[in-house]
Amino acid sequence: MKPLVLSLRRRPDQRLDMSPLVPHRLTGQSPAEIGRIALQTTRTPVAVGDIFDVRVGDPTHLRIEGSCDRLDQVGAGLMDGELVVDGDVGAQAGRLMIGGRLTIRGHAGPWAGSAMKGGVMEILRSAGDHLGGPFAGETMGMGGGVIVVRGGAGERIADRMRRGTIVVEGPCGAYAGSRMIAGTLVVLRRTGALPGYLMKRGTVVLGAGSEELSPTFIDCGDHELVAMRLLSDFIRGYSPRAAACLRGPLRRYAGDMAVLGKGEIFVGTRT
Amino acid sequence: MRTLTVKGVRIDDTFAEAFGMRATALTVTADTPRWARQAATTMTGFATSVIGCGCEAGIDHALAPRETPDGRPGVRVLLFAVSSTELQKQLQTRVGQCVLTSPGSACYAGMSGAETLRLGDALRYFGDGWQISKRLGSKRYWRLPVMDGEFVCEGTTGLTKEAVGGGNLLIMGATAQTTRLAAETAAAAIAAVPDVIAPFPGGVVRSGSKVGSKYKGVAASTNDAYCPTLRGAVATALDEDIGAVLEIVIDGLTSAAVADAMRAALAALIRLGPKRGALRIGAGNYGGKLGPHHYRLRDLLP
């Protein structure tokens with residue numbers, strides 16, 4: 001069946017809250033009803049019909065065309081179905097999503113996949129700071145699901161992550177996996193300084209090392225672990241490059257000893 | 001008893017009577033096929049009969065690296081017990097003492113099911129706080145640091161209540177040698193059938209039992225009707241030409257699997273023929289009132 005397509009006519013004058021435009025909230029709505037959904041974040045009202053062309057189709061295969069970085073919370077709270085975005089998105093794309101599949105064919109702003117609980121989010125270009133991370137005051141970041149970023153990512157990705165898997169195929173900024181509670185973060189290219197900063201538990205895999213590893217991570221030697229084979233098999237469907245990175249010996253650093261110290265950073269030994 | 005003769009082998013017109021059991025399956029892997037089999041052999045040791053061992057267990061078949069979760073050589077193990085509680089207890093102690101301890105081993109669920117048994121979820125405490133949980137998709141794995149690296153163990157495994165224990169064949173031959181060859185042939189045929197095990201040594205049992213005894217407090221005793229040395233002394237079930245009897249006991253995850261195994265064994269015995277193997281094939285039952293599963297030999301003939 002044809003997807004329901006929302007095509008952006010022009011760059012909006014204000015930032016828009018796109019969170020109402022997810023499949024489970026659009027199912028059963030007529031094009032006219034969809035056109036009346038309010039998206040404004042200022043006092044100037046903006047409805048879907050004012051700024052998008054709506055092409056009728058299956059709302060469980062939603063598509064947003066001509067997207068730009070002023071569209072915030074794209075796919076936030078996604079429960080099921082599929083949402084494909086052609087173009088960049090603003091902040092908080094896929095925040096708190098619990099299922100379904102969100103594909104962003106462009107750059108994503110900060111807090112993409114923030115505190116998501118399930119589903120799969122794929123960003124074909126880069127992601128901003130706090131990928132999967134919590135808002136100020138929230139005690140947990142990502143709690144499940146999979147995020148794959150084909151490009152690079154900003155600082156403090158996987159902050160306070162509790163469960164799930166994040167793969168960044170490019171480089172990322174400082175403090176990757178900071179305050180991690182558990183879960184898995186794989187970064188294929190070089191990360192900024194102090195990955196795993198204050199992580200309690202969880203696994204960070206650095207395909208190409210980091211600018212500076214904290215002295216509170218203790219070298220535990222090179223290992224070829226069975227668990228990495230399982231992780232590699234699981235990741236292969238999302239990122240064959242990351243799957244290949246997990247094969248072969250990896251150097252294990254235990255930490256962060258400044259806190260609980262039950263986390264681990266694996267660094268590829270071929271780099 | 002009426003008998004049929006198929007290619008010279010006499011088949012009793014009787015049936016094997018079997019019981020419902022609780023069962024689970026595991027996949028045990030290691031760095032080499034030898035060590036995967038070693039771990040599986042050790043964990044299925046002393047597991048011939050629920051009467052004395054708590055469970056019946058055995059190796060279903062070997063697994064190629066592409067068939068296992070971690071891409072290493074493995075072995076599929078089946079465990080059967082009379083209750084879910086006992087099965088849980090046996091699973092935990094056997095994996096904990098025999099698989100966890102085996103070099104390079106890992107242990108995964110060998111079947112899925114609506115109901116589960118705790119596997120790694122129960123063994124994780126061995127990690128003394130250093131155990132690591134990894135949830136990948138819908139599965140949870142435990143990583144326990146051990147002296148050769150890590151023991152990886154899936155959190156749970158499936159439990160089936162559809163399992164059947166006690167499918168059997170009585171193989172009767174002219175001498176101990178021909179009967180043993182016949183039993184080996186039948187056991188080899190059963191080993192090729194998936195989802196079944198023959199839990200006794202090499203798949204064969206020589207001390208078939210009857211219910212009750214002349215001694216107080218002994219629940220089971222030797223099946224004198226099938227003992228060739230007592231042929232003249234008791235109400236024997238043996239003909240003049242039978243010099244030895246061996247039994248094969250079969251447990252399966254489903255009733256259909258047990259029937260398939262018995263069918264395969266019968267076909268192999270008939271193929272071997274009466275000169276080299278069995279002169280007569282029978283089956284054990286309790287009159288049909290105790291066990292809900294009946295396998296009539298004439299229905300299973302090739």
# chains A, B, ... in the order shown; residues from 1 in each chain; ligands from 1

call {"tool": "residues_around", "arguments": {"residues": "B:Gln177", "least_positions_apart": "2", "cutoff": "12 Å", "atoms": "only C-alpha atoms", "output": "MDAnalysis selection string"}}
result
chainID B and resid 172:175 179:184 243:246 275:278

call {"tool": "write_last_selection", "arguments": {"atoms": "N, CA and C atoms", "output": "PDB file, in the first residue's frame"}}
result
ATOM      1  N   MET B 172      15.131 -59.297  21.370  1.00  0.00           N
ATOM      2  CA  MET B 172      15.433 -60.657  21.826  1.00  0.00           C
ATOM      3  C   MET B 172      16.208 -61.388  20.746  1.00  0.00           C
ATOM      4  N   GLY B 173      17.357 -61.935  21.129  1.00  0.00           N
ATOM      5  CA  GLY B 173      18.206 -62.624  20.154  1.00  0.00           C
ATOM      6  C   GLY B 173      18.662 -63.972  20.661  1.00  0.00           C
ATOM      7  N   ALA B 174      19.379 -64.663  19.776  1.00  0.00           N
ATOM      8  CA  ALA B 174      19.805 -66.019  20.125  1.00  0.00           C
ATOM      9  C   ALA B 174      20.928 -66.006  21.150  1.00  0.00           C
ATOM     10  N   THR B 175      21.857 -65.085  21.007  1.00  0.00           N
ATOM     11  CA  THR B 175      23.000 -65.036  21.933  1.00  0.00           C
ATOM     12  C   THR B 175      23.195 -63.599  22.408  1.00  0.00           C
ATOM     13  N   THR B 179      22.385 -60.212  20.094  1.00  0.00           N
ATOM     14  CA  THR B 179      21.433 -59.284  20.697  1.00  0.00           C
ATOM     15  C   THR B 179      22.078 -57.914  20.890  1.00  0.00           C
ATOM     16  N   ARG B 180      23.342 -57.937  21.291  1.00  0.00           N
ATOM     17  CA  ARG B 180      24.044 -56.674  21.492  1.00  0.00           C
ATOM     18  C   ARG B 180      24.210 -55.932  20.167  1.00  0.00           C
ATOM     19  N   LEU B 181      24.559 -56.657  19.119  1.00  0.00           N
ATOM     20  CA  LEU B 181      24.687 -56.018  17.799  1.00  0.00           C
ATOM     21  C   LEU B 181      23.343 -55.430  17.365  1.00  0.00           C
ATOM     22  N   ALA B 182      22.270 -56.168  17.628  1.00  0.00           N
ATOM     23  CA  ALA B 182      20.937 -55.673  17.266  1.00  0.00           C
ATOM     24  C   ALA B 182      20.618 -54.393  18.044  1.00  0.00           C
ATOM     25  N   ALA B 183      20.946 -54.398  19.340  1.00  0.00           N
ATOM     26  CA  ALA B 183      20.659 -53.219  20.175  1.00  0.00           C
ATOM     27  C   ALA B 183      21.484 -52.023  19.721  1.00  0.00           C
ATOM     28  N   GLU B 184      22.734 -52.281  19.354  1.00  0.00           N
ATOM     29  CA  GLU B 184      23.595 -51.193  18.862  1.00  0.00           C
ATOM     30  C   GLU B 184      23.028 -50.614  17.568  1.00  0.00           C
ATOM     31  N   GLY B 243      18.221 -66.335  23.758  1.00  0.00           N
ATOM     32  CA  GLY B 243      19.287 -66.490  24.748  1.00  0.00           C
ATOM     33  C   GLY B 243      19.634 -65.199  25.471  1.00  0.00           C
ATOM     34  N   ALA B 244      19.157 -64.054  24.966  1.00  0.00           N
ATOM     35  CA  ALA B 244      19.463 -62.771  25.626  1.00  0.00           C
ATOM     36  C   ALA B 244      18.434 -61.726  25.203  1.00  0.00           C
ATOM     37  N   VAL B 245      18.182 -60.777  26.089  1.00  0.00           N
ATOM     38  CA  VAL B 245      17.226 -59.698  25.820  1.00  0.00           C
ATOM     39  C   VAL B 245      17.869 -58.366  26.198  1.00  0.00           C
ATOM     40  N   LEU B 246      17.760 -57.390  25.332  1.00  0.00           N
ATOM     41  CA  LEU B 246      18.183 -56.021  25.671  1.00  0.00           C
ATOM     42  C   LEU B 246      17.035 -55.076  25.355  1.00  0.00           C
ATOM     43  N   LYS B 275      19.331 -63.586  11.637  1.00  0.00           N
ATOM     44  CA  LYS B 275      20.571 -64.360  11.774  1.00  0.00           C
ATOM     45  C   LYS B 275      21.641 -63.576  12.522  1.00  0.00           C
ATOM     46  N   ARG B 276      21.806 -62.305  12.110  1.00  0.00           N
ATOM     47  CA  ARG B 276      22.853 -61.490  12.732  1.00  0.00           C
ATOM     48  C   ARG B 276      22.346 -60.727  13.948  1.00  0.00           C
ATOM     49  N   GLY B 277      21.022 -60.501  14.031  1.00  0.00           N
ATOM     50  CA  GLY B 277      20.494 -59.620  15.076  1.00  0.00           C
ATOM     51  C   GLY B 277      19.365 -60.250  15.874  1.00  0.00           C
ATOM     52  N   ALA B 278      18.218 -59.560  15.848  1.00  0.00           N
ATOM     53  CA  ALA B 278      17.110 -59.953  16.725  1.00  0.00           C
ATOM     54  C   ALA B 278      16.266 -61.039  16.072  1.00  0.00           C
TER      55      ALA B 278
END

call {"tool": "residues_around", "arguments": {"residues": "B:Ala114", "least_positions_apart": "5", "cutoff": "12 Å", "atoms": "only C-alpha atoms", "output": "count of residues only"}}
result
6

call {"tool": "residues_around", "arguments": {"residues": "stretch 118-122 of chain B", "least_positions_apart": "2", "cutoff": "7 Å", "atoms": "only C-alpha atoms", "output": "PDB file with C-alpha atoms, in the first residue's frame"}}
result
ATOM      1  CA  GLN B  92      20.649 -25.873  37.311  1.00  0.00           C
ATOM      2  CA  THR B 116      10.593 -21.214  30.567  1.00  0.00           C
ATOM      3  CA  ARG B 124      24.637 -15.841  37.322  1.00  0.00           C
ATOM      4  CA  TRP B 142      24.779 -13.722  31.159  1.00  0.00           C
ATOM      5  CA  CYS B 153      24.814 -18.553  29.281  1.00  0.00           C
ATOM      6  CA  GLU B 154      21.367 -17.627  28.020  1.00  0.00           C
ATOM      7  CA  GLY B 155      18.996 -16.377  30.726  1.00  0.00           C
ATOM      8  CA  THR B 156      16.252 -18.924  30.198  1.00  0.00           C
ATOM      9  CA  THR B 157      15.401 -21.954  28.120  1.00  0.00           C
TER      10      THR B 157
END

call {"tool": "closest_atom_pairs", "arguments": {"of": "chain A", "to": "chain B", "cutoff": "9 Å", "atoms": "only C-alpha atoms", "output": "tab-separated table"}}
result
residue	atom	partner	partner_atom	distance
A:Gly144	CA	B:Gly137	CA	8.9
A:Gly145	CA	B:Gly137	CA	7.7
A:Val146	CA	B:Gly137	CA	8.9
A:Arg163	CA	B:Arg135	CA	7.5
A:Gly164	CA	B:Arg135	CA	7.3
A:Thr165	CA	B:Leu136	CA	8.1
A:Ala182	CA	B:Ser133	CA	8.5
A:Gly183	CA	B:Lys134	CA	7.2
A:Thr184	CA	B:Lys134	CA	8.3
A:Arg201	CA	B:Ile132	CA	8.2
A:Gly202	CA	B:Ile132	CA	8.1
A:His223	CA	B:Gly149	CA	7.8
A:Glu224	CA	B:Gly149	CA	8.6
A:Leu225	CA	B:Glu150	CA	6.9
A:Val226	CA	B:Asp70	CA	6.6
A:Ala227	CA	B:Val152	CA	6.6
A:Met228	CA	B:Asp70	CA	8.9
A:Arg229	CA	B:Asp70	CA	5.7
A:Leu230	CA	B:Asp70	CA	5.5
A:Leu231	CA	B:Leu136	CA	7.2
A:Asp233	CA	B:Asp70	CA	7.9
A:Phe234	CA	B:Leu136	CA	6.6
A:Ile235	CA	B:Leu136	CA	8.9
A:Lys262	CA	B:Trp130	CA	7.0
A:Gly263	CA	B:Ile132	CA	8.9

call {"tool": "write_last_selection", "arguments": {"atoms": "C-alpha atoms", "output": "PDB file, in the first residue's frame"}}
result
ATOM      1  CA  GLY A 144      15.963  -0.348  24.773  1.00  0.00           C
ATOM      2  CA  GLY A 145      15.928  -0.664  21.015  1.00  0.00           C
ATOM      3  CA  VAL A 146      18.614   0.014  18.454  1.00  0.00           C
ATOM      4  CA  ARG A 163      19.705  -0.956  27.860  1.00  0.00           C
ATOM      5  CA  GLY A 164      19.716  -1.338  24.081  1.00  0.00           C
ATOM      6  CA  THR A 165      22.339  -0.875  21.413  1.00  0.00           C
ATOM      7  CA  ALA A 182      24.171  -0.670  31.093  1.00  0.00           C
ATOM      8  CA  GLY A 183      23.673  -1.341  27.392  1.00  0.00           C
ATOM      9  CA  THR A 184      26.006  -1.378  24.432  1.00  0.00           C
ATOM     10  CA  ARG A 201      28.094  -0.855  33.881  1.00  0.00           C
ATOM     11  CA  GLY A 202      27.643  -1.439  30.174  1.00  0.00           C
ATOM     12  CA  HIS A 223      40.461 -11.158  24.607  1.00  0.00           C
ATOM     13  CA  GLU A 224      38.337 -12.889  21.990  1.00  0.00           C
ATOM     14  CA  LEU A 225      35.105 -13.324  23.878  1.00  0.00           C
ATOM     15  CA  VAL A 226      32.108 -15.468  22.983  1.00  0.00           C
ATOM     16  CA  ALA A 227      29.865 -12.590  24.024  1.00  0.00           C
ATOM     17  CA  MET A 228      31.356 -10.462  21.227  1.00  0.00           C
ATOM     18  CA  ARG A 229      30.392 -13.151  18.693  1.00  0.00           C
ATOM     19  CA  LEU A 230      26.795 -12.952  19.914  1.00  0.00           C
ATOM     20  CA  LEU A 231      26.882  -9.164  19.769  1.00  0.00           C
ATOM     21  CA  ASP A 233      25.692 -11.610  15.049  1.00  0.00           C
ATOM     22  CA  PHE A 234      23.010  -9.381  16.546  1.00  0.00           C
ATOM     23  CA  ILE A 235      24.472  -6.198  15.045  1.00  0.00           C
ATOM     24  CA  LYS A 262      31.692  -2.714  36.348  1.00  0.00           C
ATOM     25  CA  GLY A 263      31.591  -1.234  32.874  1.00  0.00           C
TER      26      GLY A 263
END

call {"tool": "atom_distance", "arguments": {"atom1": "atom CA of A:Ile181", "atom2": "atom CA of A:Gly77"}}
result
22.3 Å

call {"tool": "decode", "arguments": {"residues": "stretch 220-247 of chain B", "atoms": "C-alpha atoms", "output": "CSV table (one decimal), in the first residue's frame"}}
result
chain,number,residue,atom,x,y,z
B,220,ALA,CA,11.0,-52.2,41.1
B,221,SER,CA,12.9,-55.4,40.6
B,222,THR,CA,14.3,-57.6,37.8
B,223,ASN,CA,11.9,-58.4,35.0
B,224,ASP,CA,12.2,-62.2,35.6
B,225,ALA,CA,9.8,-63.0,32.8
B,226,TYR,CA,12.5,-61.8,30.4
B,227,CYS,CA,15.6,-63.2,32.2
B,228,PRO,CA,16.9,-66.1,30.0
B,229,THR,CA,18.6,-67.8,33.0
B,230,LEU,CA,15.2,-68.1,34.7
B,231,ARG,CA,13.4,-69.4,31.6
B,232,GLY,CA,12.6,-72.8,33.3
B,233,ALA,CA,12.0,-71.4,36.8
B,234,VAL,CA,9.4,-68.6,36.3
B,235,ALA,CA,6.4,-67.8,34.0
B,236,THR,CA,8.7,-66.8,31.2
B,237,ALA,CA,7.9,-64.6,28.3
B,238,LEU,CA,10.8,-66.1,26.3
B,239,ASP,CA,10.8,-68.7,23.6
B,240,GLU,CA,13.2,-71.6,23.5
B,241,ASP,CA,15.5,-69.9,20.9
B,242,ILE,CA,16.0,-66.7,22.9
B,243,GLY,CA,19.3,-66.5,24.7
B,244,ALA,CA,19.5,-62.8,25.6
B,245,VAL,CA,17.2,-59.7,25.8
B,246,LEU,CA,18.2,-56.0,25.7
B,247,GLU,CA,15.8,-53.1,26.0
